[in-house]
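Below: upload-v3.cif (mmCIF, C-alpha atoms)
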```cif
data_coords
loop_
_atom_site.label_atom_id
_atom_site.label_comp_id
_atom_site.auth_asym_id
_atom_site.auth_seq_id
_atom_site.Cartn_x
_atom_site.Cartn_y
_atom_site.Cartn_z
CA MET H 1 -61.92 19.75 95.19
CA LYS H 2 -63.38 16.36 94.49
CA VAL H 3 -62.43 14.62 91.26
CA LYS H 4 -64.33 11.69 89.75
CA TYR H 5 -63.31 9.33 86.97
CA PHE H 6 -65.54 7.15 84.83
CA ALA H 7 -65.30 4.22 82.41
CA TRP H 8 -61.78 3.60 81.06
CA VAL H 9 -60.45 6.80 82.64
CA ARG H 10 -61.44 5.33 86.03
CA GLU H 11 -59.86 1.97 85.18
CA ARG H 12 -56.61 3.55 84.06
CA VAL H 13 -56.33 5.93 87.02
CA GLY H 14 -57.19 3.03 89.32
CA LYS H 15 -59.76 4.86 91.42
CA ALA H 16 -63.28 6.24 91.05
CA GLU H 17 -62.77 9.46 93.00
CA GLU H 18 -60.39 11.41 95.17
CA THR H 19 -59.87 14.82 96.72
CA ILE H 20 -57.07 16.90 95.25
CA GLU H 21 -55.46 20.25 95.94
CA PRO H 22 -53.78 21.46 92.78
CA PRO H 23 -51.49 24.50 93.01
CA ALA H 24 -52.99 27.92 92.24
CA THR H 25 -51.15 27.97 88.92
CA VAL H 26 -53.53 25.26 87.68
CA ARG H 27 -56.47 27.33 86.44
CA THR H 28 -58.23 25.44 83.66
CA VAL H 29 -59.47 21.93 82.94
CA GLU H 30 -56.65 21.54 80.43
CA GLU H 31 -54.05 22.57 83.00
CA LEU H 32 -55.58 20.23 85.56
CA ILE H 33 -55.27 17.33 83.10
CA ALA H 34 -51.61 18.22 82.54
CA TRP H 35 -51.01 18.45 86.31
CA LEU H 36 -52.76 15.11 86.98
CA SER H 37 -50.78 13.48 84.15
CA GLY H 38 -47.57 14.33 85.97
CA ARG H 39 -48.58 12.51 89.14
CA SER H 40 -47.86 8.95 88.01
CA GLU H 41 -47.75 6.62 85.02
CA ALA H 42 -51.35 5.60 85.69
CA TYR H 43 -52.57 9.18 85.32
CA ALA H 44 -50.32 9.75 82.32
CA TYR H 45 -51.86 6.65 80.67
CA ALA H 46 -55.43 7.78 81.49
CA PHE H 47 -54.84 11.23 80.03
CA GLU H 48 -52.46 10.26 77.21
CA LYS H 49 -54.92 11.64 74.65
CA PRO H 50 -56.22 14.77 76.41
CA LYS H 51 -58.30 15.81 73.38
CA VAL H 52 -60.42 12.66 73.75
CA ILE H 53 -61.17 13.25 77.44
CA ARG H 54 -64.47 14.95 78.33
CA ALA H 55 -64.88 16.98 81.50
CA ALA H 56 -67.74 18.17 83.66
CA ILE H 57 -67.75 20.72 86.46
CA ASP H 58 -70.50 20.36 89.05
CA HIS H 59 -72.53 18.07 86.76
CA ALA H 60 -72.34 20.25 83.62
CA HIS H 61 -70.23 19.57 80.53
CA VAL H 62 -67.35 22.01 80.08
CA LYS H 63 -64.68 22.62 77.46
CA SER H 64 -60.97 22.19 78.16
CA ASP H 65 -60.39 25.93 78.60
CA ALA H 66 -63.02 26.20 81.37
CA ALA H 67 -61.82 27.72 84.65
CA ILE H 68 -61.77 25.35 87.63
CA ALA H 69 -61.91 28.07 90.30
CA GLY H 70 -64.79 27.45 92.69
CA ALA H 71 -65.52 23.96 91.35
CA ARG H 72 -66.78 21.50 93.94
CA GLU H 73 -66.63 18.44 91.72
CA ILE H 74 -64.76 17.85 88.48
CA ALA H 75 -65.28 14.67 86.47
CA PHE H 76 -63.22 13.18 83.67
CA PHE H 77 -64.56 10.55 81.29
CA PRO H 78 -64.45 9.26 77.72
CA PRO H 79 -67.05 10.28 75.10
CA MET H 80 -70.43 8.99 76.17
CA THR H 81 -71.98 5.81 74.77
CA GLY H 82 -75.32 5.45 76.52
CA GLY H 83 -78.81 5.16 75.13
CA MET E 1 -105.50 37.07 77.85
CA ILE E 2 -104.85 33.86 79.69
CA SER E 3 -103.33 31.18 77.54
CA PRO E 4 -104.29 27.60 78.28
CA VAL E 5 -101.70 25.85 80.40
CA THR E 6 -101.05 22.26 79.47
CA ALA E 7 -99.43 20.15 82.12
CA CYS E 8 -96.34 18.31 80.95
CA PRO E 9 -95.13 15.96 83.66
CA VAL E 10 -91.55 14.82 83.14
CA THR E 11 -90.45 11.54 84.72
CA ILE E 12 -86.76 10.62 84.73
CA ARG E 13 -85.50 7.42 86.29
CA ILE E 14 -82.15 5.68 86.30
CA GLN E 15 -82.55 2.18 87.63
CA ALA E 16 -81.21 -1.36 87.55
CA ASP E 17 -84.69 -2.88 87.24
CA ASP E 18 -86.48 -3.54 83.98
CA PHE E 19 -89.36 -1.34 82.87
CA ASP E 20 -92.82 -2.26 81.62
CA ILE E 21 -93.62 -0.18 78.54
CA ALA E 22 -97.41 -0.66 78.81
CA ARG E 23 -97.42 0.36 82.46
CA GLU E 24 -95.30 3.45 81.75
CA ILE E 25 -97.59 4.54 78.90
CA ALA E 26 -100.64 3.99 81.12
CA ALA E 27 -99.04 6.14 83.84
CA LEU E 28 -98.29 8.89 81.33
CA THR E 29 -101.81 9.02 79.90
CA LYS E 30 -103.82 8.28 83.07
CA SER E 31 -106.75 10.70 83.57
CA ARG E 32 -105.70 12.72 80.52
CA THR E 33 -107.96 13.48 77.58
CA ASP E 34 -105.67 16.02 75.90
CA ILE E 35 -103.13 13.46 74.65
CA GLY E 36 -103.59 12.26 71.09
CA ALA E 37 -100.21 10.64 70.49
CA VAL E 38 -97.65 8.70 72.49
CA VAL E 39 -94.36 7.74 70.87
CA SER E 40 -92.33 5.00 72.53
CA PHE E 41 -88.68 4.25 71.85
CA SER E 42 -86.96 1.27 73.45
CA GLY E 43 -83.24 0.68 73.24
CA ILE E 44 -82.41 -3.02 73.55
CA CYS E 45 -79.12 -4.84 74.15
CA ARG E 46 -78.08 -6.25 70.78
CA ALA E 47 -75.89 -9.31 70.17
CA ASP E 48 -74.57 -8.24 66.77
CA ASP E 49 -72.24 -5.30 66.94
CA ASP E 50 -70.11 -4.09 64.04
CA SER E 51 -67.48 -6.75 64.56
CA ALA E 52 -68.07 -9.44 67.18
CA LYS E 53 -71.02 -11.19 68.82
CA VAL E 54 -71.76 -9.38 72.07
CA SER E 55 -72.54 -11.71 74.97
CA ALA E 56 -73.22 -9.00 77.58
CA LEU E 57 -73.21 -5.26 78.02
CA THR E 58 -72.46 -3.31 81.20
CA LEU E 59 -73.82 0.22 81.57
CA GLU E 60 -71.99 2.61 83.89
CA HIS E 61 -73.23 6.12 84.68
CA TYR E 62 -72.35 9.28 86.57
CA PRO E 63 -74.97 9.44 89.35
CA GLY E 64 -76.32 12.93 89.80
CA MET E 65 -75.02 14.33 86.53
CA ALA E 66 -76.90 11.73 84.46
CA GLU E 67 -80.21 12.84 85.95
CA ASP E 68 -79.29 16.54 85.62
CA GLU E 69 -78.23 16.17 82.00
CA ILE E 70 -81.35 14.21 81.03
CA ARG E 71 -83.48 16.81 82.84
CA ARG E 72 -81.83 19.63 80.85
CA HIS E 73 -82.66 17.93 77.55
CA ALA E 74 -86.17 17.02 78.65
CA ASP E 75 -86.72 20.69 79.54
CA GLU E 76 -85.40 21.72 76.13
CA ALA E 77 -87.72 19.22 74.43
CA THR E 78 -90.76 20.53 76.32
CA SER E 79 -89.88 24.09 75.33
CA ARG E 80 -89.35 23.19 71.64
CA TRP E 81 -92.41 21.00 71.11
CA PRO E 82 -95.96 21.11 72.51
CA LEU E 83 -95.60 18.03 74.71
CA ASN E 84 -98.05 16.71 77.26
CA GLY E 85 -95.71 14.30 78.99
CA VAL E 86 -92.21 12.82 78.89
CA THR E 87 -90.87 9.65 80.49
CA ILE E 88 -87.21 8.69 80.27
CA ILE E 89 -85.93 5.54 81.95
CA HIS E 90 -82.31 4.46 81.57
CA ARG E 91 -81.15 1.21 83.08
CA VAL E 92 -77.67 0.61 84.48
CA GLY E 93 -75.93 -2.68 85.26
CA ARG E 94 -75.13 -5.77 83.20
CA PHE E 95 -77.42 -6.83 80.39
CA MET E 96 -77.79 -9.78 78.04
CA PRO E 97 -78.82 -9.47 74.38
CA GLY E 98 -82.57 -8.94 74.16
CA GLN E 99 -82.86 -7.05 77.46
CA ASN E 100 -84.18 -3.51 77.69
CA ILE E 101 -81.71 -0.64 78.24
CA VAL E 102 -83.56 2.62 77.70
CA LEU E 103 -87.12 3.87 77.30
CA VAL E 104 -88.24 7.25 75.97
CA LEU E 105 -91.94 8.14 75.91
CA THR E 106 -93.23 11.41 74.54
CA ALA E 107 -96.88 12.41 74.61
CA SER E 108 -98.49 15.19 72.61
CA GLN E 109 -101.77 16.23 71.05
CA HIS E 110 -100.46 15.28 67.62
CA ARG E 111 -97.95 12.73 66.42
CA GLN E 112 -95.39 15.01 64.82
CA ALA E 113 -94.26 16.69 68.02
CA ALA E 114 -94.13 13.35 69.83
CA PHE E 115 -92.04 11.70 67.07
CA GLN E 116 -89.61 14.60 66.80
CA ALA E 117 -89.16 15.06 70.55
CA ALA E 118 -88.49 11.33 71.05
CA GLU E 119 -85.81 11.42 68.36
CA PHE E 120 -84.29 14.58 69.79
CA LEU E 121 -84.16 13.07 73.28
CA MET E 122 -82.57 9.83 72.08
CA ASP E 123 -79.96 11.66 70.00
CA TYR E 124 -78.92 13.65 73.06
CA LEU E 125 -79.10 10.68 75.41
CA LYS E 126 -76.54 8.93 73.23
CA THR E 127 -74.10 11.81 72.94
CA SER E 128 -74.38 13.90 76.08
CA ALA E 129 -75.88 11.91 78.96
CA PRO E 130 -73.01 10.46 81.02
CA PHE E 131 -73.42 6.72 80.41
CA TRP E 132 -70.79 4.32 79.13
CA LYS E 133 -71.12 0.82 77.68
CA LYS E 134 -68.66 -1.99 78.12
CA GLU E 135 -69.06 -4.98 75.83
CA GLU E 136 -68.25 -8.61 76.51
CA SER E 137 -67.67 -10.93 73.58
CA ALA E 138 -65.73 -14.07 72.72
CA THR E 139 -62.70 -11.91 71.99
CA GLY E 140 -62.72 -10.20 75.39
CA THR E 141 -64.19 -7.11 77.00
CA GLY E 142 -63.83 -3.52 75.95
CA TRP E 143 -65.40 -0.09 76.22
CA VAL E 144 -67.67 0.84 73.34
CA GLU E 145 -66.32 3.72 71.28
CA ALA E 146 -68.49 6.72 70.53
CA HIS E 147 -69.73 6.90 66.94
CA ALA E 148 -69.38 10.02 64.80
CA ARG E 149 -72.81 9.18 63.35
CA ASP E 150 -74.35 9.74 66.81
CA ASP E 151 -72.71 13.18 67.08
CA GLU E 152 -74.01 14.03 63.61
CA ALA E 153 -77.51 12.90 64.58
CA ALA E 154 -77.45 15.17 67.64
CA ALA E 155 -75.93 18.10 65.73
CA ARG E 156 -78.84 18.31 63.29
CA TRP E 157 -81.07 19.62 66.10
CA THR E 158 -78.89 22.70 66.48
CA LYS E 159 -79.10 23.60 62.78
CA SER E 160 -81.44 26.46 62.03
#
```
Using structure tokens, write down the structure that the file contains.
Amino acid sequence: MKVKYFAWVRERVGKAEETIEPPATVRTVEELIAWLSGRSEAYAYAFEKPKVIRAAIDHAHVKSDAAIAGAREIAFFPPMTGG
Amino acid sequence: MISPVTACPVTIRIQADDFDIAREIAALTKSRTDIGAVVSFSGICRADDDSAKVSALTLEHYPGMAEDEIRRHADEATSRWPLNGVTIIHRVGRFMPGQNIVLVLTASQHRQAAFQAAEFLMDYLKTSAPFWKKEESATGTGWVEAHARDDEAAARWTKS
């Protein structure tokens, strides 16, 4: 699946997007954040406060317990500040 | 019985270029005689933030989702209020104080629906459309933090 990062999450991870293949045991957004956090210090820094991070699956906001099965694109970003 | 169908065109644009409010209002009301009220909200880059003088603001967005999310809220607005037209333009890029950032136009037969829908749309643009602001000031650059007051403003529309 494709993963995208925005704003300070993107800056901390060090990339805007990538394709990942998490193991089948990673089933929810929350579990994906935990799995990503274990990849390197950069990811751990980006996701150090998982409660603050917002997620979207295929362009729709989701909660942290949302299932990631079948997702084409998952995005992680801080709370929005547009308008 | 056939109920009268009122056309409500919805225009959503995310662009780097500035917008011309008069031209957008003219486009919304062109050839229409059913519109009695147009409310216009402009969001402008401001130099005075809570703490430091802002010298520039950079707007980042999530292409694709930003349009989808704005469309969802525009659809909700048109189902909640009797609107005759909606225009939402959100700029992205780097802006100086005084420059336009966002435009919301709502057209209706009467002012109340237009006022309320414009407020509803702005409250949701601020809290749920995927845009992020980065501020530059004399003390450095940093991402703008979301305000609880914006969440509260959006939450009032879900109260019964």
Checklist line | Residues within 8 Å of segment 16-18 of chain H, only C-alpha atoms, excluding chain neighbours under 4 positions, as an MDAnalysis selection string | finding: chainID H and resid 2:6 10
Next item on the list: Would you be able to write out as a list in words which residues have an atom within 10 Å of (-52.4, 27.6, 89.2) in the file's coordinates, counting all atoms listed in the file?
Entry: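 Every polymer residue passing the test: Pro22, Pro23, Ala24, Thr25, Val26, Arg27, Thr28, Glu31, Leu32, Trp35, Ile68 and Ala69 of chain H.
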Contact check, chain H to chain E, at most 6 Å, counting all atoms listed in the file, closest pairs as a Markdown table:
```
| residue | atom | partner | partner_atom | distance |
| --- | --- | --- | --- | --- |
| H:His59 | CA | E:Met65 | CA | 4.5 |
| H:Pro79 | CA | E:Ala146 | CA | 6.0 |
| H:Met80 | CA | E:Trp132 | CA | 5.5 |
| H:Thr81 | CA | E:Trp132 | CA | 4.8 |
| H:Gly82 | CA | E:Phe131 | CA | 4.5 |
| H:Gly83 | CA | E:Lys126 | CA | 4.8 |
```
Preceding selection exported with C-alpha atoms as a PDB file, in the coordinates of the input:
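As written to disk, selection.pdb reads:
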```pdb
ATOM      1  CA  HIS H  59     -72.530  18.070  86.760  1.00  0.00           C
ATOM      2  CA  PRO H  79     -67.050  10.280  75.100  1.00  0.00           C
ATOM      3  CA  MET H  80     -70.430   8.990  76.170  1.00  0.00           C
ATOM      4  CA  THR H  81     -71.980   5.810  74.770  1.00  0.00           C
ATOM      5  CA  GLY H  82     -75.320   5.450  76.520  1.00  0.00           C
ATOM      6  CA  GLY H  83     -78.810   5.160  75.130  1.00  0.00           C
TER       7      GLY H  83
END
```
Checklist line | Residues selected by the PyMOL selection byres ((chain E and resi 140) around 12), written as a ChimeraX atom specification | finding: /E:52-57,134-139,141-143
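For the pair atom CA of Phe95 of chain E and atom CA of Asp48 of chain E, the interatomic distance is 14.0 Å.
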